[in-house]
$ cat work.pdb   # PDB, N, CA and C atoms, pLDDT in the B column
ATOM      1  N   PHE A 229      19.161 -12.992 -40.319  1.00 61.00           N
ATOM      2  CA  PHE A 229      19.381 -13.831 -39.151  1.00 61.00           C
ATOM      3  C   PHE A 229      20.538 -14.749 -39.461  1.00 61.00           C
ATOM      4  N   SER A 230      21.702 -14.406 -38.974  1.00 70.00           N
ATOM      5  CA  SER A 230      22.849 -15.286 -39.198  1.00 70.00           C
ATOM      6  C   SER A 230      23.679 -15.326 -37.928  1.00 70.00           C
ATOM      7  N   PRO A 231      23.460 -16.361 -37.115  1.00 68.00           N
ATOM      8  CA  PRO A 231      24.119 -16.452 -35.820  1.00 68.00           C
ATOM      9  C   PRO A 231      25.600 -16.786 -35.895  1.00 68.00           C
ATOM     10  N   GLY A 232      26.097 -17.221 -37.007  1.00 74.00           N
ATOM     11  CA  GLY A 232      27.502 -17.598 -37.118  1.00 74.00           C
ATOM     12  C   GLY A 232      27.660 -19.100 -36.963  1.00 74.00           C
ATOM     13  N   LYS A 233      28.665 -19.614 -37.645  1.00 78.00           N
ATOM     14  CA  LYS A 233      28.876 -21.061 -37.673  1.00 78.00           C
ATOM     15  C   LYS A 233      29.165 -21.634 -36.293  1.00 78.00           C
ATOM     16  N   ASP A 234      29.838 -20.867 -35.446  1.00 78.00           N
ATOM     17  CA  ASP A 234      30.192 -21.372 -34.117  1.00 78.00           C
ATOM     18  C   ASP A 234      28.959 -21.615 -33.238  1.00 78.00           C
ATOM     19  N   LYS A 235      27.888 -20.904 -33.493  1.00 89.00           N
ATOM     20  CA  LYS A 235      26.680 -21.047 -32.683  1.00 89.00           C
ATOM     21  C   LYS A 235      25.679 -22.047 -33.262  1.00 89.00           C
ATOM     22  N   LEU A 236      25.864 -22.434 -34.503  1.00 91.00           N
ATOM     23  CA  LEU A 236      24.886 -23.305 -35.154  1.00 91.00           C
ATOM     24  C   LEU A 236      24.753 -24.660 -34.462  1.00 91.00           C
ATOM     25  N   SER A 237      25.840 -25.212 -33.984  1.00 91.00           N
ATOM     26  CA  SER A 237      25.782 -26.513 -33.300  1.00 91.00           C
ATOM     27  C   SER A 237      24.951 -26.412 -32.020  1.00 91.00           C
ATOM     28  N   ALA A 238      25.140 -25.347 -31.250  1.00 93.00           N
ATOM     29  CA  ALA A 238      24.380 -25.153 -30.019  1.00 93.00           C
ATOM     30  C   ALA A 238      22.899 -24.930 -30.325  1.00 93.00           C
ATOM     31  N   ILE A 239      22.610 -24.191 -31.382  1.00 93.00           N
ATOM     32  CA  ILE A 239      21.220 -23.959 -31.791  1.00 93.00           C
ATOM     33  C   ILE A 239      20.588 -25.271 -32.231  1.00 93.00           C
ATOM     34  N   ASP A 240      21.320 -26.046 -33.011  1.00 93.00           N
ATOM     35  CA  ASP A 240      20.831 -27.349 -33.464  1.00 93.00           C
ATOM     36  C   ASP A 240      20.507 -28.248 -32.273  1.00 93.00           C
ATOM     37  N   SER A 241      21.356 -28.240 -31.278  1.00 94.00           N
ATOM     38  CA  SER A 241      21.134 -29.050 -30.075  1.00 94.00           C
ATOM     39  C   SER A 241      19.867 -28.600 -29.338  1.00 94.00           C
ATOM     40  N   ALA A 242      19.659 -27.295 -29.211  1.00 96.00           N
ATOM     41  CA  ALA A 242      18.473 -26.769 -28.530  1.00 96.00           C
ATOM     42  C   ALA A 242      17.200 -27.217 -29.248  1.00 96.00           C
ATOM     43  N   PHE A 243      17.206 -27.165 -30.575  1.00 95.00           N
ATOM     44  CA  PHE A 243      16.023 -27.572 -31.325  1.00 95.00           C
ATOM     45  C   PHE A 243      15.834 -29.084 -31.307  1.00 95.00           C
ATOM     46  N   THR A 244      16.924 -29.836 -31.323  1.00 96.00           N
ATOM     47  CA  THR A 244      16.812 -31.293 -31.248  1.00 96.00           C
ATOM     48  C   THR A 244      16.165 -31.703 -29.933  1.00 96.00           C
ATOM     49  N   GLN A 245      16.602 -31.115 -28.834  1.00 96.00           N
ATOM     50  CA  GLN A 245      16.011 -31.413 -27.533  1.00 96.00           C
ATOM     51  C   GLN A 245      14.537 -31.020 -27.506  1.00 96.00           C
ATOM     52  N   PHE A 246      14.211 -29.872 -28.066  1.00 96.00           N
ATOM     53  CA  PHE A 246      12.833 -29.388 -28.131  1.00 96.00           C
ATOM     54  C   PHE A 246      11.943 -30.375 -28.890  1.00 96.00           C
ATOM     55  N   TYR A 247      12.380 -30.780 -30.086  1.00 95.00           N
ATOM     56  CA  TYR A 247      11.558 -31.674 -30.900  1.00 95.00           C
ATOM     57  C   TYR A 247      11.439 -33.067 -30.295  1.00 95.00           C
ATOM     58  N   LYS A 248      12.496 -33.550 -29.649  1.00 96.00           N
ATOM     59  CA  LYS A 248      12.416 -34.858 -28.991  1.00 96.00           C
ATOM     60  C   LYS A 248      11.428 -34.816 -27.826  1.00 96.00           C
ATOM     61  N   ALA A 249      11.441 -33.740 -27.056  1.00 96.00           N
ATOM     62  CA  ALA A 249      10.503 -33.601 -25.935  1.00 96.00           C
ATOM     63  C   ALA A 249       9.072 -33.513 -26.451  1.00 96.00           C
ATOM     64  N   GLN A 250       8.864 -32.792 -27.545  1.00 93.00           N
ATOM     65  CA  GLN A 250       7.530 -32.709 -28.147  1.00 93.00           C
ATOM     66  C   GLN A 250       7.059 -34.085 -28.599  1.00 93.00           C
ATOM     67  N   GLU A 251       7.938 -34.819 -29.235  1.00 93.00           N
ATOM     68  CA  GLU A 251       7.578 -36.141 -29.741  1.00 93.00           C
ATOM     69  C   GLU A 251       7.237 -37.084 -28.591  1.00 93.00           C
ATOM     70  N   THR A 252       7.952 -36.987 -27.482  1.00 92.00           N
ATOM     71  CA  THR A 252       7.660 -37.815 -26.321  1.00 92.00           C
ATOM     72  C   THR A 252       6.243 -37.538 -25.814  1.00 92.00           C
ATOM     73  N   LEU A 253       5.878 -36.257 -25.716  1.00 90.00           N
ATOM     74  CA  LEU A 253       4.520 -35.908 -25.285  1.00 90.00           C
ATOM     75  C   LEU A 253       3.473 -36.419 -26.267  1.00 90.00           C
ATOM     76  N   ARG A 254       3.740 -36.273 -27.544  1.00 87.00           N
ATOM     77  CA  ARG A 254       2.780 -36.740 -28.548  1.00 87.00           C
ATOM     78  C   ARG A 254       2.602 -38.254 -28.472  1.00 87.00           C
ATOM     79  N   ASP A 255       3.696 -38.971 -28.236  1.00 87.00           N
ATOM     80  CA  ASP A 255       3.599 -40.430 -28.094  1.00 87.00           C
ATOM     81  C   ASP A 255       2.733 -40.796 -26.895  1.00 87.00           C
ATOM     82  N   GLU A 256       2.885 -40.057 -25.797  1.00 85.00           N
ATOM     83  CA  GLU A 256       2.061 -40.299 -24.611  1.00 85.00           C
ATOM     84  C   GLU A 256       0.586 -40.065 -24.933  1.00 85.00           C
ATOM     85  N   TRP A 257       0.298 -38.996 -25.658  1.00 83.00           N
ATOM     86  CA  TRP A 257      -1.083 -38.675 -26.005  1.00 83.00           C
ATOM     87  C   TRP A 257      -1.676 -39.726 -26.923  1.00 83.00           C
ATOM     88  N   ARG A 258      -0.882 -40.197 -27.887  1.00 81.00           N
ATOM     89  CA  ARG A 258      -1.373 -41.223 -28.817  1.00 81.00           C
ATOM     90  C   ARG A 258      -1.679 -42.518 -28.081  1.00 81.00           C
ATOM     91  N   GLY A 259      -0.890 -42.822 -27.073  1.00 77.00           N
ATOM     92  CA  GLY A 259      -1.075 -44.052 -26.316  1.00 77.00           C
ATOM     93  C   GLY A 259      -2.332 -44.045 -25.477  1.00 77.00           C
ATOM     94  N   GLY A 260      -2.869 -42.869 -25.198  1.00 69.00           N
ATOM     95  CA  GLY A 260      -4.064 -42.758 -24.375  1.00 69.00           C
ATOM     96  C   GLY A 260      -5.349 -43.124 -25.094  1.00 69.00           C
ATOM     97  N   GLY A 261      -5.313 -43.143 -26.412  1.00 71.00           N
ATOM     98  CA  GLY A 261      -6.497 -43.526 -27.171  1.00 71.00           C
ATOM     99  C   GLY A 261      -7.443 -42.384 -27.483  1.00 71.00           C
ATOM    100  N   GLU A 262      -7.545 -41.405 -26.593  1.00 76.00           N
ATOM    101  CA  GLU A 262      -8.431 -40.262 -26.817  1.00 76.00           C
ATOM    102  C   GLU A 262      -7.604 -39.047 -27.199  1.00 76.00           C
ATOM    103  N   ARG A 263      -8.217 -38.189 -27.955  1.00 79.00           N
ATOM    104  CA  ARG A 263      -7.539 -36.941 -28.313  1.00 79.00           C
ATOM    105  C   ARG A 263      -7.522 -36.041 -27.079  1.00 79.00           C
ATOM    106  N   PRO A 264      -6.335 -35.583 -26.669  1.00 80.00           N
ATOM    107  CA  PRO A 264      -6.270 -34.740 -25.473  1.00 80.00           C
ATOM    108  C   PRO A 264      -6.868 -33.360 -25.722  1.00 80.00           C
ATOM    109  N   ASP A 265      -7.286 -32.740 -24.656  1.00 85.00           N
ATOM    110  CA  ASP A 265      -7.834 -31.388 -24.711  1.00 85.00           C
ATOM    111  C   ASP A 265      -6.758 -30.429 -25.238  1.00 85.00           C
ATOM    112  N   PRO A 266      -7.089 -29.573 -26.211  1.00 86.00           N
ATOM    113  CA  PRO A 266      -6.102 -28.640 -26.758  1.00 86.00           C
ATOM    114  C   PRO A 266      -5.474 -27.732 -25.696  1.00 86.00           C
ATOM    115  N   GLN A 267      -6.244 -27.322 -24.709  1.00 90.00           N
ATOM    116  CA  GLN A 267      -5.710 -26.469 -23.651  1.00 90.00           C
ATOM    117  C   GLN A 267      -4.654 -27.227 -22.840  1.00 90.00           C
ATOM    118  N   VAL A 268      -4.920 -28.484 -22.544  1.00 88.00           N
ATOM    119  CA  VAL A 268      -3.963 -29.322 -21.816  1.00 88.00           C
ATOM    120  C   VAL A 268      -2.698 -29.500 -22.652  1.00 88.00           C
ATOM    121  N   MET A 269      -2.876 -29.705 -23.948  1.00 88.00           N
ATOM    122  CA  MET A 269      -1.714 -29.844 -24.839  1.00 88.00           C
ATOM    123  C   MET A 269      -0.846 -28.590 -24.786  1.00 88.00           C
ATOM    124  N   ARG A 270      -1.474 -27.425 -24.880  1.00 90.00           N
ATOM    125  CA  ARG A 270      -0.713 -26.161 -24.834  1.00 90.00           C
ATOM    126  C   ARG A 270       0.018 -26.012 -23.506  1.00 90.00           C
ATOM    127  N   GLU A 271      -0.671 -26.353 -22.414  1.00 93.00           N
ATOM    128  CA  GLU A 271      -0.060 -26.211 -21.089  1.00 93.00           C
ATOM    129  C   GLU A 271       1.153 -27.116 -20.919  1.00 93.00           C
ATOM    130  N   LYS A 272       1.103 -28.302 -21.503  1.00 92.00           N
ATOM    131  CA  LYS A 272       2.242 -29.211 -21.392  1.00 92.00           C
ATOM    132  C   LYS A 272       3.363 -28.862 -22.364  1.00 92.00           C
ATOM    133  N   MET A 273       3.014 -28.268 -23.501  1.00 93.00           N
ATOM    134  CA  MET A 273       4.023 -27.894 -24.495  1.00 93.00           C
ATOM    135  C   MET A 273       4.757 -26.602 -24.121  1.00 93.00           C
ATOM    136  N   GLN A 274       4.082 -25.718 -23.396  1.00 95.00           N
ATOM    137  CA  GLN A 274       4.673 -24.415 -23.090  1.00 95.00           C
ATOM    138  C   GLN A 274       6.010 -24.512 -22.350  1.00 95.00           C
ATOM    139  N   PRO A 275       6.146 -25.351 -21.317  1.00 96.00           N
ATOM    140  CA  PRO A 275       7.448 -25.442 -20.643  1.00 96.00           C
ATOM    141  C   PRO A 275       8.566 -25.936 -21.572  1.00 96.00           C
ATOM    142  N   ILE A 276       8.209 -26.765 -22.539  1.00 96.00           N
ATOM    143  CA  ILE A 276       9.204 -27.249 -23.498  1.00 96.00           C
ATOM    144  C   ILE A 276       9.680 -26.095 -24.373  1.00 96.00           C
ATOM    145  N   ALA A 277       8.743 -25.284 -24.843  1.00 95.00           N
ATOM    146  CA  ALA A 277       9.095 -24.123 -25.662  1.00 95.00           C
ATOM    147  C   ALA A 277       9.875 -23.102 -24.838  1.00 95.00           C
ATOM    148  N   ASP A 278       9.489 -22.925 -23.577  1.00 96.00           N
ATOM    149  CA  ASP A 278      10.212 -21.981 -22.706  1.00 96.00           C
ATOM    150  C   ASP A 278      11.653 -22.421 -22.487  1.00 96.00           C
ATOM    151  N   ALA A 279      11.871 -23.721 -22.308  1.00 97.00           N
ATOM    152  CA  ALA A 279      13.229 -24.244 -22.121  1.00 97.00           C
ATOM    153  C   ALA A 279      14.056 -24.016 -23.381  1.00 97.00           C
ATOM    154  N   ARG A 280      13.440 -24.232 -24.554  1.00 96.00           N
ATOM    155  CA  ARG A 280      14.130 -23.982 -25.817  1.00 96.00           C
ATOM    156  C   ARG A 280      14.525 -22.507 -25.919  1.00 96.00           C
ATOM    157  N   ASP A 281      13.579 -21.630 -25.577  1.00 97.00           N
ATOM    158  CA  ASP A 281      13.850 -20.201 -25.675  1.00 97.00           C
ATOM    159  C   ASP A 281      14.955 -19.765 -24.721  1.00 97.00           C
ATOM    160  N   GLU A 282      14.991 -20.337 -23.533  1.00 97.00           N
ATOM    161  CA  GLU A 282      16.062 -19.995 -22.583  1.00 97.00           C
ATOM    162  C   GLU A 282      17.428 -20.399 -23.149  1.00 97.00           C
ATOM    163  N   LYS A 283      17.485 -21.563 -23.783  1.00 97.00           N
ATOM    164  CA  LYS A 283      18.741 -21.997 -24.399  1.00 97.00           C
ATOM    165  C   LYS A 283      19.119 -21.057 -25.534  1.00 97.00           C
ATOM    166  N   LEU A 284      18.123 -20.688 -26.340  1.00 96.00           N
ATOM    167  CA  LEU A 284      18.410 -19.786 -27.458  1.00 96.00           C
ATOM    168  C   LEU A 284      18.881 -18.416 -26.967  1.00 96.00           C
ATOM    169  N   LYS A 285      18.297 -17.932 -25.864  1.00 96.00           N
ATOM    170  CA  LYS A 285      18.715 -16.643 -25.305  1.00 96.00           C
ATOM    171  C   LYS A 285      20.183 -16.663 -24.905  1.00 96.00           C
ATOM    172  N   SER A 286      20.652 -17.815 -24.436  1.00 95.00           N
ATOM    173  CA  SER A 286      22.046 -17.902 -24.006  1.00 95.00           C
ATOM    174  C   SER A 286      22.998 -18.028 -25.188  1.00 95.00           C
ATOM    175  N   ILE A 287      22.476 -18.363 -26.363  1.00 94.00           N
ATOM    176  CA  ILE A 287      23.303 -18.557 -27.552  1.00 94.00           C
ATOM    177  C   ILE A 287      23.288 -17.326 -28.448  1.00 94.00           C
ATOM    178  N   LEU A 288      22.113 -16.771 -28.663  1.00 93.00           N
ATOM    179  CA  LEU A 288      21.925 -15.669 -29.608  1.00 93.00           C
ATOM    180  C   LEU A 288      22.114 -14.311 -28.936  1.00 93.00           C
ATOM    181  N   THR A 289      22.377 -13.314 -29.757  1.00 92.00           N
ATOM    182  CA  THR A 289      22.397 -11.948 -29.251  1.00 92.00           C
ATOM    183  C   THR A 289      20.945 -11.524 -29.001  1.00 92.00           C
ATOM    184  N   GLY A 290      20.767 -10.444 -28.291  1.00 93.00           N
ATOM    185  CA  GLY A 290      19.418  -9.938 -28.034  1.00 93.00           C
ATOM    186  C   GLY A 290      18.656  -9.667 -29.314  1.00 93.00           C
ATOM    187  N   GLU A 291      19.304  -9.074 -30.279  1.00 94.00           N
ATOM    188  CA  GLU A 291      18.662  -8.756 -31.549  1.00 94.00           C
ATOM    189  C   GLU A 291      18.303 -10.030 -32.322  1.00 94.00           C
ATOM    190  N   GLN A 292      19.197 -11.011 -32.321  1.00 92.00           N
ATOM    191  CA  GLN A 292      18.914 -12.264 -33.009  1.00 92.00           C
ATOM    192  C   GLN A 292      17.734 -12.986 -32.359  1.00 92.00           C
ATOM    193  N   PHE A 293      17.680 -12.975 -31.025  1.00 94.00           N
ATOM    194  CA  PHE A 293      16.569 -13.631 -30.336  1.00 94.00           C
ATOM    195  C   PHE A 293      15.253 -12.913 -30.628  1.00 94.00           C
ATOM    196  N   ARG A 294      15.264 -11.584 -30.615  1.00 95.00           N
ATOM    197  CA  ARG A 294      14.050 -10.823 -30.944  1.00 95.00           C
ATOM    198  C   ARG A 294      13.567 -11.161 -32.353  1.00 95.00           C
ATOM    199  N   LYS A 295      14.506 -11.267 -33.293  1.00 94.00           N
ATOM    200  CA  LYS A 295      14.129 -11.615 -34.661  1.00 94.00           C
ATOM    201  C   LYS A 295      13.503 -13.007 -34.690  1.00 94.00           C
ATOM    202  N   TRP A 296      14.061 -13.952 -33.933  1.00 92.00           N
ATOM    203  CA  TRP A 296      13.486 -15.298 -33.841  1.00 92.00           C
ATOM    204  C   TRP A 296      12.046 -15.230 -33.336  1.00 92.00           C
ATOM    205  N   LYS A 297      11.819 -14.528 -32.209  1.00 94.00           N
ATOM    206  CA  LYS A 297      10.498 -14.474 -31.595  1.00 94.00           C
ATOM    207  C   LYS A 297       9.492 -13.679 -32.422  1.00 94.00           C
ATOM    208  N   ASP A 298       9.938 -12.599 -33.042  1.00 95.00           N
ATOM    209  CA  ASP A 298       9.013 -11.706 -33.738  1.00 95.00           C
ATOM    210  C   ASP A 298       8.739 -12.093 -35.192  1.00 95.00           C
ATOM    211  N   GLU A 299       9.719 -12.714 -35.851  1.00 93.00           N
ATOM    212  CA  GLU A 299       9.568 -12.965 -37.280  1.00 93.00           C
ATOM    213  C   GLU A 299       9.601 -14.447 -37.656  1.00 93.00           C
ATOM    214  N   ILE A 300      10.579 -15.168 -37.142  1.00 92.00           N
ATOM    215  CA  ILE A 300      10.783 -16.537 -37.594  1.00 92.00           C
ATOM    216  C   ILE A 300       9.810 -17.505 -36.943  1.00 92.00           C
ATOM    217  N   GLU A 301       9.720 -17.491 -35.612  1.00 92.00           N
ATOM    218  CA  GLU A 301       8.833 -18.426 -34.923  1.00 92.00           C
ATOM    219  C   GLU A 301       7.376 -18.283 -35.380  1.00 92.00           C
ATOM    220  N   PRO A 302       6.818 -17.067 -35.496  1.00 91.00           N
ATOM    221  CA  PRO A 302       5.425 -16.955 -35.953  1.00 91.00           C
ATOM    222  C   PRO A 302       5.213 -17.535 -37.357  1.00 91.00           C
ATOM    223  N   ALA A 303       6.218 -17.453 -38.211  1.00 91.00           N
ATOM    224  CA  ALA A 303       6.096 -17.978 -39.564  1.00 91.00           C
ATOM    225  C   ALA A 303       6.070 -19.509 -39.579  1.00 91.00           C
ATOM    226  N   LEU A 304       6.546 -20.137 -38.515  1.00 87.00           N
ATOM    227  CA  LEU A 304       6.584 -21.601 -38.441  1.00 87.00           C
ATOM    228  C   LEU A 304       5.280 -22.194 -37.931  1.00 87.00           C
ATOM    229  N   ARG A 305       4.418 -21.375 -37.356  1.00 83.00           N
ATOM    230  CA  ARG A 305       3.150 -21.873 -36.814  1.00 83.00           C
ATOM    231  C   ARG A 305       2.212 -22.271 -37.964  1.00 83.00           C
ATOM    232  N   PRO A 306       1.480 -23.351 -37.759  1.00 79.00           N
ATOM    233  CA  PRO A 306       0.548 -23.773 -38.818  1.00 79.00           C
ATOM    234  C   PRO A 306      -0.537 -22.718 -39.061  1.00 79.00           C
ATOM    235  N   GLN A 307      -0.861 -22.520 -40.303  1.00 75.00           N
ATOM    236  CA  GLN A 307      -1.925 -21.575 -40.660  1.00 75.00           C
ATOM    237  C   GLN A 307      -3.258 -22.292 -40.582  1.00 75.00           C
ATOM    238  N   ARG A 308      -4.248 -21.657 -40.032  1.00 70.00           N
ATOM    239  CA  ARG A 308      -5.576 -22.270 -39.908  1.00 70.00           C
ATOM    240  C   ARG A 308      -6.556 -21.594 -40.811  1.00 70.00           C
TER     241      ARG A 308
END

$ encode --input "work.pdb" --output "C-alpha cells"
Amino acid sequence: FSPGKDKLSAIDSAFTQFYKAQETLRDEWRGGGERPDPQVMREKMQPIADARDEKLKSILTGEQFRKWKDEIEPALRPQR
C-alpha cells in the first residue's frame, strides 16, 4: 500500500477530519454523564466513517482503496 507522496497530504487531511469528528462525538457522550447505547454510538459514527471513505475513494486507486477496506482497516479495529 503506497499511495505516493503527492496523495499523502490529502489522505492525512481525510483522517484528521475523521478523528476530529469522532472526538467531538465522544466529548458529547462524555458530557451526558451516562454511557451511550453501543448501537446509537455505531449509528452516529457510521456517517463519519462513510465520509472518510468517500474522501479516500477520491484519492486512492480502486486497488488501493480495496486494500484499505479489506486488509488495513480491519487490522485497526480493537480486538475483543

$ residues_around --input "work.pdb" --residues "region 273-287 of chain A" --least-positions-apart "2" --cutoff "6 Å" --atoms "only C-alpha atoms" --output "mmCIF file with N, CA and C atoms, keeping the file's coordinate frame"
data_model
loop_
_atom_site.group_PDB
_atom_site.id
_atom_site.type_symbol
_atom_site.label_atom_id
_atom_site.label_comp_id
_atom_site.auth_asym_id
_atom_site.auth_seq_id
_atom_site.Cartn_x
_atom_site.Cartn_y
_atom_site.Cartn_z
ATOM 1 N N ALA A 242 19.659 -27.295 -29.211
ATOM 2 C CA ALA A 242 18.473 -26.769 -28.530
ATOM 3 C C ALA A 242 17.200 -27.217 -29.248
ATOM 4 N N ARG A 270 -1.474 -27.425 -24.880
ATOM 5 C CA ARG A 270 -0.713 -26.161 -24.834
ATOM 6 C C ARG A 270 0.018 -26.012 -23.506
ATOM 7 N N GLU A 271 -0.671 -26.353 -22.414
ATOM 8 C CA GLU A 271 -0.060 -26.211 -21.089
ATOM 9 C C GLU A 271 1.153 -27.116 -20.919
#

$ residues_around --input "work.pdb" --residues "Thr289 (chain A)" --least-positions-apart "5" --cutoff "12 Å" --atoms "only C-alpha atoms" --output "PDB file with N, CA and C atoms, in the frame of the given file"
ATOM      1  N   PHE A 229      19.161 -12.992 -40.319  1.00 61.00           N
ATOM      2  CA  PHE A 229      19.381 -13.831 -39.151  1.00 61.00           C
ATOM      3  C   PHE A 229      20.538 -14.749 -39.461  1.00 61.00           C
ATOM      4  N   SER A 230      21.702 -14.406 -38.974  1.00 70.00           N
ATOM      5  CA  SER A 230      22.849 -15.286 -39.198  1.00 70.00           C
ATOM      6  C   SER A 230      23.679 -15.326 -37.928  1.00 70.00           C
ATOM      7  N   PRO A 231      23.460 -16.361 -37.115  1.00 68.00           N
ATOM      8  CA  PRO A 231      24.119 -16.452 -35.820  1.00 68.00           C
ATOM      9  C   PRO A 231      25.600 -16.786 -35.895  1.00 68.00           C
ATOM     10  N   GLY A 232      26.097 -17.221 -37.007  1.00 74.00           N
ATOM     11  CA  GLY A 232      27.502 -17.598 -37.118  1.00 74.00           C
ATOM     12  C   GLY A 232      27.660 -19.100 -36.963  1.00 74.00           C
ATOM     13  N   LYS A 235      27.888 -20.904 -33.493  1.00 89.00           N
ATOM     14  CA  LYS A 235      26.680 -21.047 -32.683  1.00 89.00           C
ATOM     15  C   LYS A 235      25.679 -22.047 -33.262  1.00 89.00           C
ATOM     16  N   LYS A 283      17.485 -21.563 -23.783  1.00 97.00           N
ATOM     17  CA  LYS A 283      18.741 -21.997 -24.399  1.00 97.00           C
ATOM     18  C   LYS A 283      19.119 -21.057 -25.534  1.00 97.00           C
ATOM     19  N   LEU A 284      18.123 -20.688 -26.340  1.00 96.00           N
ATOM     20  CA  LEU A 284      18.410 -19.786 -27.458  1.00 96.00           C
ATOM     21  C   LEU A 284      18.881 -18.416 -26.967  1.00 96.00           C
ATOM     22  N   ARG A 294      15.264 -11.584 -30.615  1.00 95.00           N
ATOM     23  CA  ARG A 294      14.050 -10.823 -30.944  1.00 95.00           C
ATOM     24  C   ARG A 294      13.567 -11.161 -32.353  1.00 95.00           C
ATOM     25  N   LYS A 295      14.506 -11.267 -33.293  1.00 94.00           N
ATOM     26  CA  LYS A 295      14.129 -11.615 -34.661  1.00 94.00           C
ATOM     27  C   LYS A 295      13.503 -13.007 -34.690  1.00 94.00           C
ATOM     28  N   TRP A 296      14.061 -13.952 -33.933  1.00 92.00           N
ATOM     29  CA  TRP A 296      13.486 -15.298 -33.841  1.00 92.00           C
ATOM     30  C   TRP A 296      12.046 -15.230 -33.336  1.00 92.00           C
TER      31      TRP A 296
END

$ atom_distance --input "work.pdb" --atom1 "atom N of Gln250 (chain A)" --atom2 "atom C of Met269 (chain A)"
10.9 Å

$ select_by_dssp --input "work.pdb" --residues "chain A" --states "alpha helix (DSSP H)" --output "PyMOL selection string"
chain A and resi 233-259+266-287+290-295+301-304

$ atom_distance --input "work.pdb" --atom1 "CA of Gly290 (chain A)" --atom2 "atom N of Tyr247 (chain A)"
22.1 Å

$ axis_aligned_box --input "work.pdb" --around "region 277-289 of chain A" --padding-each-side "6 Å" --output "AutoDock Vina command-line options"
--center_x 16.0 --center_y -18.4 --center_z -25.9 --size_x 26.6 --size_y 25.8 --size_z 19.6

$ decode --input "work.pdb" --residues "region 271-287 of chain A" --atoms "N, CA and C atoms" --output "PDB file, in the first residue's frame"
ATOM      1  N   GLU A 271     -24.390   3.987  15.108  1.00  0.00           N
ATOM      2  CA  GLU A 271     -25.206   4.721  14.137  1.00  0.00           C
ATOM      3  C   GLU A 271     -24.695   6.138  13.916  1.00  0.00           C
ATOM      4  N   LYS A 272     -24.190   6.764  14.967  1.00  0.00           N
ATOM      5  CA  LYS A 272     -23.667   8.121  14.817  1.00  0.00           C
ATOM      6  C   LYS A 272     -22.264   8.143  14.224  1.00  0.00           C
ATOM      7  N   MET A 273     -21.492   7.087  14.461  1.00  0.00           N
ATOM      8  CA  MET A 273     -20.128   7.018  13.931  1.00  0.00           C
ATOM      9  C   MET A 273     -20.099   6.625  12.449  1.00  0.00           C
ATOM     10  N   GLN A 274     -21.093   5.861  12.012  1.00  0.00           N
ATOM     11  CA  GLN A 274     -21.081   5.353  10.641  1.00  0.00           C
ATOM     12  C   GLN A 274     -21.014   6.459   9.584  1.00  0.00           C
ATOM     13  N   PRO A 275     -21.801   7.535   9.687  1.00  0.00           N
ATOM     14  CA  PRO A 275     -21.697   8.592   8.672  1.00  0.00           C
ATOM     15  C   PRO A 275     -20.308   9.247   8.637  1.00  0.00           C
ATOM     16  N   ILE A 276     -19.646   9.295   9.782  1.00  0.00           N
ATOM     17  CA  ILE A 276     -18.297   9.861   9.829  1.00  0.00           C
ATOM     18  C   ILE A 276     -17.334   8.960   9.064  1.00  0.00           C
ATOM     19  N   ALA A 277     -17.442   7.658   9.284  1.00  0.00           N
ATOM     20  CA  ALA A 277     -16.592   6.702   8.573  1.00  0.00           C
ATOM     21  C   ALA A 277     -16.915   6.701   7.081  1.00  0.00           C
ATOM     22  N   ASP A 278     -18.197   6.818   6.744  1.00  0.00           N
ATOM     23  CA  ASP A 278     -18.589   6.859   5.324  1.00  0.00           C
ATOM     24  C   ASP A 278     -18.013   8.083   4.624  1.00  0.00           C
ATOM     25  N   ALA A 279     -18.018   9.228   5.302  1.00  0.00           N
ATOM     26  CA  ALA A 279     -17.456  10.453   4.723  1.00  0.00           C
ATOM     27  C   ALA A 279     -15.956  10.290   4.505  1.00  0.00           C
ATOM     28  N   ARG A 280     -15.271   9.664   5.474  1.00  0.00           N
ATOM     29  CA  ARG A 280     -13.841   9.405   5.329  1.00  0.00           C
ATOM     30  C   ARG A 280     -13.587   8.509   4.116  1.00  0.00           C
ATOM     31  N   ASP A 281     -14.395   7.454   3.997  1.00  0.00           N
ATOM     32  CA  ASP A 281     -14.208   6.522   2.891  1.00  0.00           C
ATOM     33  C   ASP A 281     -14.459   7.183   1.542  1.00  0.00           C
ATOM     34  N   GLU A 282     -15.438   8.064   1.471  1.00  0.00           N
ATOM     35  CA  GLU A 282     -15.700   8.774   0.208  1.00  0.00           C
ATOM     36  C   GLU A 282     -14.495   9.638  -0.180  1.00  0.00           C
ATOM     37  N   LYS A 283     -13.893  10.290   0.806  1.00  0.00           N
ATOM     38  CA  LYS A 283     -12.702  11.096   0.527  1.00  0.00           C
ATOM     39  C   LYS A 283     -11.561  10.200   0.067  1.00  0.00           C
ATOM     40  N   LEU A 284     -11.403   9.064   0.746  1.00  0.00           N
ATOM     41  CA  LEU A 284     -10.323   8.151   0.362  1.00  0.00           C
ATOM     42  C   LEU A 284     -10.533   7.594  -1.047  1.00  0.00           C
ATOM     43  N   LYS A 285     -11.791   7.315  -1.409  1.00  0.00           N
ATOM     44  CA  LYS A 285     -12.085   6.813  -2.755  1.00  0.00           C
ATOM     45  C   LYS A 285     -11.661   7.811  -3.822  1.00  0.00           C
ATOM     46  N   SER A 286     -11.786   9.098  -3.511  1.00  0.00           N
ATOM     47  CA  SER A 286     -11.424  10.114  -4.497  1.00  0.00           C
ATOM     48  C   SER A 286      -9.917  10.311  -4.584  1.00  0.00           C
ATOM     49  N   ILE A 287      -9.177   9.825  -3.593  1.00  0.00           N
ATOM     50  CA  ILE A 287      -7.727   9.997  -3.552  1.00  0.00           C
ATOM     51  C   ILE A 287      -7.003   8.752  -4.047  1.00  0.00           C
TER      52      ILE A 287
END
